[in-house]
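See structure below.
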Amino acid sequence: LLGACLCPASFPTMTDVSPTVLAASYAGLVAVNVVYGRGLFGVRTNAEVSAAYPTDVTPSGATFAIWGPIFLLEGAGTAVLASGGDASRMALVAGPWVTTWLGECLWQAVFGVLPVPQGGATAGRKLASLAPAALFVGAAHVKMLGGALALVGGAPAYGLVGAAVVDFPTGLNAGWLAAASGIAFTLVAQQVPPLQPLATPEAGAVLVGALTAYGAAVTLSLAGCPAAALGYAAATAWACRGIASESAKTPPIVKTTAARCALVAVAAGAFALAVGALKR
């Protein structure tokens, strides 16, 4: 699984992931997030570590509540897929889901051991966690995006349940992981002198704009699977809203850019839905 996570071109198929593996993987994902979400066994919570490592593109804390709907919907989707309720979608997304969850768990593991406070640690020590964390979250994004694109190419039979608990959370998770990848890249840039110009407020505004443009292109490419397109657009708009919010500790130039980009993400989602409706 680790090799699959780090090799974006390799997407597991139905033969690689059994219903039991899918269900067990989801249970593992939830367990890991409970540990780091509540600070069990002496580990620091994500909130504690994130507060010690701010960036100019980190959204407000409340924005991260998007993980709740993502996990709940993926849990419902796991129940449907593992029970044999949608074989076509099982064949398309089970592999990408499992490897994405692995990437997310590996990110948790390395992010959670960052030195806090960061002032007492060397840049090398911080990069020892931040670099693999960026790699894992980026690989997780690629994997989940692959699942969303597979839904477009595979054209599973339309069904409200499948669209709601498989297609939508696949797009939602992929979109949110793209935003998380931007934060992870900025954290790395902060620690590498030649890259530090990429961690300035101006660079942050450019990054938000670039990720939004990328997100709009992805959203339109997912038009053949409207629920996935809607999920991706929603995640992008939600991230931009969080970056632009008053409670976010982001510079004015980044807030202004993010507020405008949220509208772009919504427009891309609406256009993708319209295109998808015409195709059907």
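We label chains A, B, ... in the order they appear in the structure tokens, count residues from 1 in each chain, and number ligands from 1 in the order shown.
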Determine which residues of stretch 41-273 of chain A receive a DSSP assignment of alpha helix (DSSP H), computed from the backbone, and state them as a VMD selection string. chain A and resid 46 to 52 67 to 82 87 to 111 123 to 154 160 to 162 168 to 191 201 to 221 226 to 244 252 to 273
If you count only C-alpha atoms, which residues fall within 7 Å of stretch 67-80 of chain A, apart from same-chain ones fewer than 2 positions away, as a JSON list (two decimals) with C-alpha atoms, in the first residue's frame?
```json
[["chain", "number", "residue", "atom", "x", "y", "z"],
["A", 22, "LEU", "CA", -12.14, -1.46, 2.46],
["A", 23, "ALA", "CA", -14.07, -1.65, 5.73],
["A", 64, "PHE", "CA", -11.20, 22.19, 9.13],
["A", 65, "ALA", "CA", -14.60, 20.93, 10.31],
["A", 82, "ALA", "CA", -18.53, -3.20, 1.20],
["A", 83, "SER", "CA", -22.03, -4.66, 1.40],
["A", 84, "GLY", "CA", -22.10, -5.16, -2.37],
["A", 85, "GLY", "CA", -24.66, -2.43, -2.93],
["A", 86, "ASP", "CA", -22.82, -0.81, -5.86],
["A", 165, "VAL", "CA", -22.12, 8.83, -0.50],
["A", 166, "VAL", "CA", -19.51, 7.89, -3.12],
["A", 169, "PRO", "CA", -17.27, 12.73, -0.97],
["A", 172, "LEU", "CA", -14.96, 16.75, -1.72],
["A", 173, "ASN", "CA", -11.96, 14.91, -0.30]]
```
Non-local contacts of stretch 245-254 of chain A (12 Å; only C-alpha atoms; under 4 positions in same chain excluded) as number ranges by chain: A: 51, 53-64, 199-209, 238-241, 258-262
Using only C-alpha atoms, please write the residues we just selected to a file, as a CSV table (one decimal), in the first residue's frame.
```csv
chain,number,residue,atom,x,y,z
A,51,ALA,CA,-1.3,26.6,15.8
A,53,TYR,CA,3.1,26.2,12.4
A,54,PRO,CA,1.0,29.0,10.9
A,55,THR,CA,1.1,30.1,7.2
A,56,ASP,CA,-0.3,32.9,5.2
A,57,VAL,CA,-2.7,30.5,3.5
A,58,THR,CA,-4.0,28.6,6.5
A,59,PRO,CA,-7.8,29.0,6.8
A,60,SER,CA,-9.6,29.6,10.1
A,61,GLY,CA,-9.8,26.7,12.5
A,62,ALA,CA,-13.5,26.2,11.9
A,63,THR,CA,-12.8,25.5,8.3
A,64,PHE,CA,-11.2,22.2,9.1
A,199,ALA,CA,6.0,31.8,1.7
A,200,THR,CA,5.4,35.5,1.6
A,201,PRO,CA,1.9,37.1,1.6
A,202,GLU,CA,2.2,38.0,-2.1
A,203,ALA,CA,3.2,34.4,-2.9
A,204,GLY,CA,0.3,33.2,-0.8
A,205,ALA,CA,-2.1,35.2,-2.8
A,206,VAL,CA,-0.6,33.7,-6.0
A,207,LEU,CA,-0.8,30.2,-4.6
A,208,VAL,CA,-4.5,30.6,-3.7
A,209,GLY,CA,-5.2,31.9,-7.2
A,238,TRP,CA,-15.0,26.3,1.4
A,239,ALA,CA,-11.2,26.5,1.7
A,240,CYS,CA,-11.2,30.0,0.1
A,241,ARG,CA,-13.9,31.1,2.4
A,258,ALA,CA,-9.4,34.1,-1.5
A,259,ALA,CA,-12.8,35.9,-1.3
A,260,ARG,CA,-12.7,36.4,-5.1
A,261,CYS,CA,-11.5,32.9,-5.7
A,262,ALA,CA,-14.4,31.4,-3.7
```
Given the choices A:Thr256, A:Thr186, A:Thr236, A:Thr219, which gets closest to A:Leu273 if the distance is worked out from only C-alpha atoms?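 Closest to A:Leu273 of all the choices is A:Thr219.
Relative to atom CA of A:Leu230, atom CA of A:Ala217 is found at 12.7 Å.
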Do a neighbour search on A:Pro132 at 9 Å with only C-alpha atoms, toss out local chain neighbours closer than 3 positions, and write the hits as a VMD selection string. chain A and resid 106 to 107 110 to 111 127 to 129 135 to 137
For the atom pair atom CA of A:Tyr214 and atom CA of A:Leu278, what is the interatomic distance in Å to one decimal place? 23.3 Å
Identify, on the basis of only C-alpha atoms, every residue whose closest approach to A:Val93 does not exceed 9 Å; exclude the query and any residue fewer than 4 positions from it along the same chain; express the result as an MDAnalysis selection string. chainID A and resid 12:14 89 97:98 144 146:148 150:151 166:167 170
Go ahead and save the picked residues with N, CA, C and O atoms, as a compact mmCIF listing (two decimals), in the first residue's frame.
```
# COMPACT_ATOMS: atom_id res chain seq x y z
N PRO A 12 -5.05 0.94 -7.58
CA PRO A 12 -5.56 -0.41 -7.34
C PRO A 12 -6.91 -0.60 -8.03
O PRO A 12 -7.68 0.33 -8.19
N THR A 13 -7.20 -1.82 -8.41
CA THR A 13 -8.47 -2.15 -9.03
C THR A 13 -9.31 -2.95 -8.07
O THR A 13 -8.93 -3.21 -6.95
N MET A 14 -10.47 -3.38 -8.54
CA MET A 14 -11.39 -4.15 -7.70
C MET A 14 -10.71 -5.41 -7.15
O MET A 14 -10.95 -5.80 -6.02
N ARG A 89 -19.27 1.10 -8.70
CA ARG A 89 -18.48 2.11 -7.98
C ARG A 89 -17.37 1.46 -7.14
O ARG A 89 -16.30 2.04 -6.97
N TRP A 97 -9.67 5.11 -2.69
CA TRP A 97 -10.06 5.47 -1.32
C TRP A 97 -9.06 4.89 -0.32
O TRP A 97 -8.59 5.61 0.58
N VAL A 98 -8.74 3.62 -0.43
CA VAL A 98 -7.86 2.97 0.55
C VAL A 98 -6.47 3.61 0.54
O VAL A 98 -5.89 3.88 1.60
N MET A 144 -7.01 10.41 -4.62
CA MET A 144 -8.45 10.65 -4.57
C MET A 144 -8.94 11.30 -5.86
O MET A 144 -10.05 11.01 -6.33
N GLY A 146 -7.69 10.68 -8.71
CA GLY A 146 -7.77 9.55 -9.64
C GLY A 146 -9.08 8.81 -9.50
O GLY A 146 -9.68 8.38 -10.49
N GLY A 147 -9.56 8.67 -8.26
CA GLY A 147 -10.85 8.02 -8.04
C GLY A 147 -11.99 8.82 -8.65
O GLY A 147 -12.91 8.26 -9.26
N ALA A 148 -11.92 10.16 -8.50
CA ALA A 148 -12.97 11.01 -9.07
C ALA A 148 -12.98 10.92 -10.60
O ALA A 148 -14.03 10.82 -11.23
N ALA A 150 -11.89 8.46 -12.32
CA ALA A 150 -12.34 7.12 -12.69
C ALA A 150 -13.86 7.05 -12.74
O ALA A 150 -14.44 6.33 -13.57
N LEU A 151 -14.52 7.80 -11.87
CA LEU A 151 -15.98 7.84 -11.88
C LEU A 151 -16.51 8.46 -13.17
O LEU A 151 -17.56 8.07 -13.67
N VAL A 166 -20.74 8.32 -2.46
CA VAL A 166 -19.51 7.89 -3.12
C VAL A 166 -18.95 9.02 -3.99
O VAL A 166 -17.84 9.51 -3.77
N ASP A 167 -19.73 9.46 -4.96
CA ASP A 167 -19.24 10.47 -5.90
C ASP A 167 -18.93 11.79 -5.21
O ASP A 167 -17.84 12.35 -5.37
N THR A 170 -15.94 11.75 -2.77
CA THR A 170 -14.69 11.56 -3.52
C THR A 170 -14.20 12.91 -4.03
O THR A 170 -13.02 13.26 -3.88
```
Atom CA of A:Ala174 and atom CA of A:Ala133 are how many Å apart?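 Result for atom CA of A:Ala174 versus atom CA of A:Ala133: 16.5 Å, one decimal.
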Contact residues around A:Ala277 with only C-alpha atoms at 10 Å, ignoring same-chain residues under 3 positions, as a ChimeraX atom specification: /A:223-226,271-274,280
How would the residues just chosen look if you wrote them out with C-alpha atoms as an mmCIF file, in the first residue's frame?
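What follows is the written file out13.cif:
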```cif
data_model
loop_
_atom_site.group_PDB
_atom_site.id
_atom_site.type_symbol
_atom_site.label_atom_id
_atom_site.label_comp_id
_atom_site.auth_asym_id
_atom_site.auth_seq_id
_atom_site.Cartn_x
_atom_site.Cartn_y
_atom_site.Cartn_z
ATOM 1 C CA ALA A 223 -18.576 17.400 -15.281
ATOM 2 C CA GLY A 224 -19.330 13.864 -16.454
ATOM 3 C CA CYS A 225 -19.848 12.953 -12.787
ATOM 4 C CA PRO A 226 -21.819 15.950 -11.450
ATOM 5 C CA PHE A 271 -21.002 25.422 -14.870
ATOM 6 C CA ALA A 272 -19.915 21.800 -14.374
ATOM 7 C CA LEU A 273 -23.372 20.889 -13.097
ATOM 8 C CA ALA A 274 -24.970 22.527 -16.125
ATOM 9 C CA ARG A 280 -27.443 13.313 -19.352
#
```
